[in-house]
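What follows is the content of entry19.cif, which has mmCIF, C-alpha atoms:
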data_upload
#
loop_
_atom_site.label_atom_id
_atom_site.label_comp_id
_atom_site.auth_asym_id
_atom_site.auth_seq_id
_atom_site.Cartn_x
_atom_site.Cartn_y
_atom_site.Cartn_z
CA MET A 257 218.28 1.52 100.71
CA ALA A 258 220.33 4.68 100.24
CA GLU A 259 219.40 5.10 96.57
CA PRO A 260 215.66 5.88 97.10
CA TYR A 261 216.63 8.37 99.84
CA PHE A 262 218.95 10.28 97.52
CA GLN A 263 216.37 10.15 94.73
CA ASP A 264 213.75 11.63 97.08
CA ALA A 265 216.19 14.32 98.23
CA SER A 266 216.99 15.19 94.62
CA SER A 267 213.29 15.31 93.76
CA ARG A 268 212.54 17.59 96.72
CA ARG A 269 215.39 19.89 95.74
CA ALA A 270 214.13 20.10 92.14
CA LYS A 271 210.61 20.92 93.36
CA MET A 272 211.94 23.58 95.71
CA ILE A 273 213.95 25.19 92.90
CA ALA A 274 210.86 25.16 90.67
CA VAL A 275 208.79 26.86 93.40
CA LEU A 276 211.49 29.50 93.99
CA ARG A 277 211.69 30.21 90.26
CA LEU A 278 207.91 30.64 90.14
CA ILE A 279 207.99 33.03 93.11
CA HIS A 280 210.77 35.04 91.46
CA LYS A 281 208.82 35.16 88.19
CA VAL A 282 205.78 36.57 90.01
CA TYR A 283 208.00 39.10 91.83
CA SER A 284 209.65 40.09 88.57
CA ALA A 285 206.34 40.62 86.75
CA LEU A 286 204.36 42.31 89.54
CA ILE A 287 207.03 44.22 91.48
CA PHE A 288 210.38 44.47 89.69
CA LEU A 289 209.15 45.54 86.25
CA PRO A 290 206.66 48.24 87.38
CA LEU A 291 209.11 49.61 89.97
CA TYR A 292 212.11 49.62 87.63
CA ILE A 293 210.13 51.21 84.78
CA ALA A 294 208.90 53.98 87.10
CA LEU A 295 212.40 54.64 88.45
CA SER A 296 213.79 54.57 84.92
CA PHE A 297 211.41 57.32 83.81
CA VAL A 298 212.64 59.48 86.69
CA LEU A 299 216.28 58.79 85.80
CA LEU A 300 215.49 59.49 82.13
CA ILE A 301 214.41 63.02 83.05
CA PHE A 302 217.67 63.56 84.95
CA CYS A 303 219.59 62.11 82.00
CA VAL A 304 218.01 64.49 79.48
CA VAL A 305 218.66 67.49 81.74
CA LEU A 306 222.30 66.55 82.40
CA CYS A 307 222.89 65.91 78.69
CA LEU A 308 222.18 69.60 78.10
CA PHE A 309 225.38 70.30 80.03
CA ASP A 310 227.63 67.26 79.51
CA GLU A 311 226.80 63.83 78.11
CA ARG A 312 229.69 62.27 80.03
CA ILE A 313 228.23 63.42 83.36
CA ALA A 314 224.90 61.87 82.37
CA GLY A 315 226.66 58.61 81.57
CA ARG A 316 228.57 58.48 84.83
CA TYR A 317 225.87 59.68 87.23
CA VAL A 318 222.68 58.41 85.59
CA ALA A 319 223.34 55.60 83.08
CA ARG A 320 225.82 53.75 85.31
CA PRO A 321 223.57 53.72 88.43
CA TRP A 322 220.61 52.83 86.18
CA GLY A 323 222.39 49.70 84.98
CA LYS A 324 223.39 48.67 88.50
CA LEU A 325 219.87 49.35 89.80
CA ALA A 326 218.35 46.72 87.50
CA TYR A 327 220.61 43.97 88.83
CA LEU A 328 220.20 45.15 92.43
CA LEU A 329 216.39 45.06 92.30
CA LEU A 330 216.08 41.85 90.30
CA PRO A 331 218.30 40.76 92.19
CA SER A 332 221.03 39.12 90.11
CA PRO A 333 224.78 39.33 90.76
CA VAL A 334 227.28 40.61 88.21
CA LYS A 335 230.89 39.42 88.27
CA LEU A 336 233.58 41.52 86.57
CA THR A 337 236.97 40.02 85.72
CA GLY A 338 239.91 41.31 83.72
CA SER A 339 239.53 44.92 84.89
CA GLU A 340 243.33 45.14 85.05
CA ASN A 341 243.28 45.06 81.23
CA LEU A 342 241.32 48.32 81.07
CA ASP A 343 242.72 51.85 81.32
CA PRO A 344 239.75 54.21 82.01
CA LYS A 345 241.70 57.15 80.55
CA GLN A 346 242.36 55.36 77.24
CA SER A 347 239.95 55.49 74.30
CA TYR A 348 239.06 52.11 72.78
CA VAL A 349 236.85 50.52 70.22
CA VAL A 350 235.05 48.07 72.52
CA VAL A 351 233.59 44.92 70.93
CA VAL A 352 231.21 42.67 72.89
CA ASN A 353 229.22 39.53 72.08
CA HIS A 354 225.43 40.09 72.33
CA ILE A 355 223.08 37.57 73.97
CA SER A 356 220.41 39.61 75.80
CA GLN A 357 218.93 43.07 76.25
CA PHE A 358 220.34 42.84 79.78
CA ASP A 359 223.84 43.04 78.24
CA ILE A 360 223.25 46.78 77.90
CA LEU A 361 222.40 47.22 81.58
CA ALA A 362 225.38 45.15 82.75
CA LEU A 363 227.82 47.03 80.52
CA TYR A 364 226.43 50.41 81.54
CA GLY A 365 226.73 49.48 85.20
CA TRP A 366 230.11 47.74 85.35
CA LEU A 367 232.27 48.82 82.40
CA ASP A 368 234.23 51.78 83.75
CA LEU A 369 234.47 53.77 80.52
CA ASP A 370 232.88 56.84 78.99
CA LEU A 371 231.09 55.27 76.05
CA LYS A 372 229.45 56.10 72.77
CA TRP A 373 227.35 53.11 71.73
CA VAL A 374 226.81 52.05 68.14
CA MET A 375 223.57 50.06 68.02
CA LYS A 376 220.95 49.04 65.48
CA LYS A 377 218.35 51.66 64.58
CA GLU A 378 215.47 49.55 65.91
CA LEU A 379 216.69 49.97 69.51
CA ARG A 380 215.82 53.66 69.38
CA MET A 381 212.15 52.66 69.61
CA ILE A 382 212.59 50.78 72.90
CA PRO A 383 211.12 52.87 75.73
CA ILE A 384 213.65 54.35 78.17
CA ILE A 385 216.72 52.53 76.75
CA GLY A 386 216.25 54.05 73.30
CA TRP A 387 215.18 57.46 74.55
CA GLY A 388 218.03 57.76 77.04
CA SER A 389 220.59 56.55 74.51
CA ALA A 390 219.36 59.11 71.98
CA ALA A 391 219.64 61.89 74.58
CA MET A 392 223.24 60.85 75.29
CA GLY A 393 224.18 61.04 71.62
CA HIS A 394 224.67 57.34 70.94
CA ILE A 395 224.62 56.21 67.31
CA PHE A 396 221.64 54.27 65.95
CA LEU A 397 223.01 52.64 62.81
CA ASP A 398 220.73 52.20 59.80
CA ARG A 399 221.97 48.79 58.63
CA LYS A 400 219.57 48.69 55.68
CA ASN A 401 220.95 51.88 54.14
CA ARG A 402 224.72 51.58 53.72
CA ASP A 403 225.15 55.21 52.60
CA VAL A 404 223.37 56.52 55.68
CA ALA A 405 225.31 54.12 57.93
CA LYS A 406 228.61 55.24 56.42
CA ARG A 407 227.67 58.89 56.94
CA GLN A 408 226.73 58.18 60.56
CA LEU A 409 230.09 56.53 61.25
CA ASN A 410 231.93 59.41 59.58
CA ASP A 411 230.04 61.84 61.82
CA LEU A 412 231.05 59.74 64.82
CA LYS A 413 234.72 59.97 63.86
CA LYS A 414 234.48 63.77 63.70
CA THR A 415 232.78 64.22 67.07
CA LEU A 416 234.57 61.62 69.22
CA ARG A 417 236.43 63.27 72.08
CA PRO A 418 239.67 62.03 73.70
CA GLY A 419 238.99 59.60 76.54
CA VAL A 420 235.67 58.46 75.07
CA SER A 421 235.37 54.89 73.79
CA VAL A 422 233.06 53.48 71.12
CA LEU A 423 231.14 50.28 71.88
CA PHE A 424 229.91 47.88 69.21
CA PHE A 425 227.99 44.63 69.27
CA PRO A 426 229.72 43.42 66.08
CA GLU A 427 227.31 40.51 65.58
CA GLY A 428 224.72 43.18 64.77
CA THR A 429 221.97 41.50 66.78
CA ARG A 430 221.46 38.97 69.58
CA SER A 431 222.34 35.42 68.66
CA PRO A 432 219.33 33.05 69.05
CA THR A 433 221.71 30.11 69.64
CA PRO A 434 224.70 29.61 71.97
CA GLU A 435 227.02 30.19 69.01
CA MET A 436 228.16 33.70 68.11
CA LEU A 437 227.10 35.17 64.79
CA PRO A 438 229.85 36.27 62.35
CA PHE A 439 231.27 39.66 63.26
CA LYS A 440 230.63 42.57 60.91
CA LYS A 441 233.61 44.72 59.93
CA GLY A 442 232.33 48.21 60.84
CA ALA A 443 233.89 48.31 64.31
CA PHE A 444 237.27 47.27 62.98
CA ILE A 445 237.24 49.78 60.13
CA ILE A 446 236.49 52.50 62.68
CA ALA A 447 239.35 51.27 64.90
CA LYS A 448 241.79 51.55 61.99
CA ASP A 449 240.47 54.96 60.94
CA LEU A 450 240.71 56.34 64.50
CA GLU A 451 243.96 54.46 65.25
CA LEU A 452 242.47 53.15 68.50
CA PRO A 453 243.18 49.88 70.31
CA ILE A 454 240.39 47.28 70.26
CA LEU A 455 239.09 46.04 73.61
CA PRO A 456 237.37 42.61 73.35
CA VAL A 457 234.81 41.92 76.09
CA THR A 458 232.93 38.66 76.73
CA ILE A 459 229.57 38.64 78.49
CA ASN A 460 227.92 35.49 79.84
CA GLY A 461 224.79 34.63 81.79
CA THR A 462 222.49 37.45 80.72
CA GLN A 463 220.67 35.15 78.28
CA LYS A 464 219.35 33.28 81.33
CA ILE A 465 218.07 36.53 82.82
CA LEU A 466 216.26 37.64 79.66
CA PRO A 467 216.58 35.36 76.61
CA VAL A 468 215.85 36.41 73.04
CA GLY A 469 212.08 36.79 72.78
CA GLY A 470 211.62 37.01 76.56
CA TYR A 471 209.72 39.75 78.39
CA ILE A 472 209.87 38.89 82.10
CA PRO A 473 213.39 38.75 83.58
CA SER A 474 214.47 35.75 85.64
CA PHE A 475 217.22 35.28 88.19
CA GLY A 476 220.66 34.74 86.68
CA ARG A 477 224.35 35.44 87.17
CA ALA A 478 226.01 37.78 84.70
CA HIS A 479 229.75 37.70 84.08
CA ILE A 480 231.71 40.35 82.19
CA HIS A 481 235.29 39.50 81.25
CA ILE A 482 237.61 42.17 79.84
CA HIS A 483 240.38 40.76 77.64
CA PRO A 484 243.76 42.40 76.96
CA PRO A 485 243.32 44.92 74.13
CA LEU A 486 244.59 44.55 70.60
CA SER A 487 247.24 47.27 70.49
CA GLN A 488 247.35 50.25 68.13
CA GLU A 489 250.27 48.55 66.39
CA GLN A 490 248.21 45.40 65.78
CA VAL A 491 245.28 47.50 64.57
CA ALA A 492 247.59 49.27 62.11
CA GLU A 493 249.15 46.03 60.82
CA LEU A 494 246.04 43.84 60.37
CA THR A 495 243.15 44.20 57.94
CA PRO A 496 239.58 44.74 59.23
CA SER A 497 238.79 41.11 58.38
CA GLU A 498 241.83 39.85 60.31
CA LEU A 499 240.98 42.07 63.28
CA SER A 500 237.39 40.82 63.22
CA GLU A 501 238.48 37.18 63.22
CA ARG A 502 241.02 37.73 65.97
CA ALA A 503 238.61 39.65 68.22
CA GLN A 504 235.90 37.03 67.77
CA ALA A 505 238.35 34.24 68.59
CA ILE A 506 239.44 36.07 71.76
CA ILE A 507 235.85 36.66 72.90
CA ALA A 508 235.01 33.00 72.20
CA THR A 509 237.71 31.80 74.62
CA ALA A 510 235.60 33.01 77.57
CA ARG A 511 232.13 32.16 76.23
CA LYS A 512 230.04 29.75 78.30
CA HIS A 513 226.97 28.07 76.83
#
Can you dump the structure from the file as structure tokens?
Amino acid sequence: MAEPYFQDASSRRAKMIAVLRLIHKVYSALIFLPLYIALSFVLLIFCVVLCLFDERIAGRYVARPWGKLAYLLLPSPVKLTGSENLDPKQSYVVVVNHISQFDILALYGWLDLDLKWVMKKELRMIPIIGWGSAAMGHIFLDRKNRDVAKRQLNDLKKTLRPGVSVLFFPEGTRSPTPEMLPFKKGAFIIAKDLELPILPVTINGTQKILPVGGYIPSFGRAHIHIHPPLSQEQVAELTPSELSERAQAIIATARKH
């Protein structure tokens, strides 16, 4: 007699979850997106103005609250672990796996570093994210033109200030499957050239908030884990290929599918 009862309870729970997901989807489409886009335009104006004085101030007082605001309004919690492995005063080459556009918002909001982002050129065309990133001097890499990309990275090396870190998504794009794509070597060449430690970071959960090809965010739980950095000595000793393989293996240890 107990089995039908538990089956009914399980069925009711599944139906309730489905209804709650539908309600959240409607909220996300009709309230969250219009509200967040409007607030983002206001913050974009502040960002552009502050960038005239100091890009780092814009990052700390506009970009960081902007990232947190998205998760607050959605609402979706973000868990940060491994923060003891990060020294905010140290410059790093930060490498992160890429599974969703919401990675950018989570990293802006919770990664306590002054960052220069290296991202694919196509992201410059995304309203608000692209415009704000351009105003803050982030690098939009032309992956189809290797000469231009090389020149862009050389310019980055010349202009990088002490205490500012460089962030790469070394897969180059979001992975459409749970498996990571092979890491490209650019981030690790830059780390060797700049003699900077490499900070591997794993992000999980954002693909459930906004998957590849999705437009309306859903509820999800994001988790950012900061791993111990690869030291300057390790960066000096290993080749870019070896650094790439090691960083990807480290990031994979905390990946959840």
When the PyMOL selection byres ((chain A and resi 387-389) around 10) is applied to the file above, which residues end up in the set, as a compact mmCIF listing (two decimals) with C-alpha atoms, in the frame of the given file?
# COMPACT_ATOMS: atom_id res chain seq x y z
CA SER A 296 213.79 54.57 84.92
CA PHE A 297 211.41 57.32 83.81
CA LEU A 299 216.28 58.79 85.80
CA LEU A 300 215.49 59.49 82.13
CA ILE A 301 214.41 63.02 83.05
CA PHE A 302 217.67 63.56 84.95
CA CYS A 303 219.59 62.11 82.00
CA VAL A 304 218.01 64.49 79.48
CA CYS A 307 222.89 65.91 78.69
CA ALA A 314 224.90 61.87 82.37
CA GLY A 315 226.66 58.61 81.57
CA VAL A 318 222.68 58.41 85.59
CA ALA A 319 223.34 55.60 83.08
CA LYS A 372 229.45 56.10 72.77
CA TRP A 373 227.35 53.11 71.73
CA VAL A 374 226.81 52.05 68.14
CA MET A 375 223.57 50.06 68.02
CA LEU A 379 216.69 49.97 69.51
CA ARG A 380 215.82 53.66 69.38
CA MET A 381 212.15 52.66 69.61
CA ILE A 382 212.59 50.78 72.90
CA PRO A 383 211.12 52.87 75.73
CA ILE A 384 213.65 54.35 78.17
CA ILE A 385 216.72 52.53 76.75
CA GLY A 386 216.25 54.05 73.30
CA ALA A 390 219.36 59.11 71.98
CA ALA A 391 219.64 61.89 74.58
CA MET A 392 223.24 60.85 75.29
CA GLY A 393 224.18 61.04 71.62
CA HIS A 394 224.67 57.34 70.94
CA ILE A 395 224.62 56.21 67.31
CA PHE A 396 221.64 54.27 65.95
### Message
If we count only C-alpha atoms and set the cut-off at 12 Å, which residues sit around Pro434 in chain A, ignoring sequence neighbours fewer than 3 positions away in its own chain? Please answer as a PyMOL selection string.
### Response
chain A and resi 353-356+430-431+437+460-464+467-468+508+511-513
Item to complete: Name the residues captured by the PyMOL selection byres ((chain A and resi 478-484) around 8) when it is applied to the shown file; answer as a VMD selection string.
Response: chain A and resid 332 to 339 341 to 342 362 to 363 455 to 462 476 to 477 485 to 486 506 to 507 510
Once the PyMOL selection byres ((chain A and resi 364) around 8) is applied to the coordinates I shared, what remains selected? I want it as a PyMOL selection string. chain A and resi 319-320+322-324+360-363+365-367
The residue from A:Ala294, A:Ile446, A:Leu329, A:Phe475 with the smallest atom-to-atom distance to Asp411 in chain A, counting all atoms listed in the file, is A:Ile446
Can you measure CA of Pro418 in chain A to CA of Ile313 in chain A for me? One decimal in Å is fine.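 Straight-line distance from CA of Pro418 in chain A to CA of Ile313 in chain A works out to 15.0 Å.
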| query | Hey, what's within 12 Å of range 405-410 of chain A if we count all atoms listed in the file and toss same-chain stuff fewer than 3 positions away? As a VMD selection string, please? | reply | chain A and resid 372 to 377 393 to 402 413 to 416 422 424 442 to 447 449 to 450
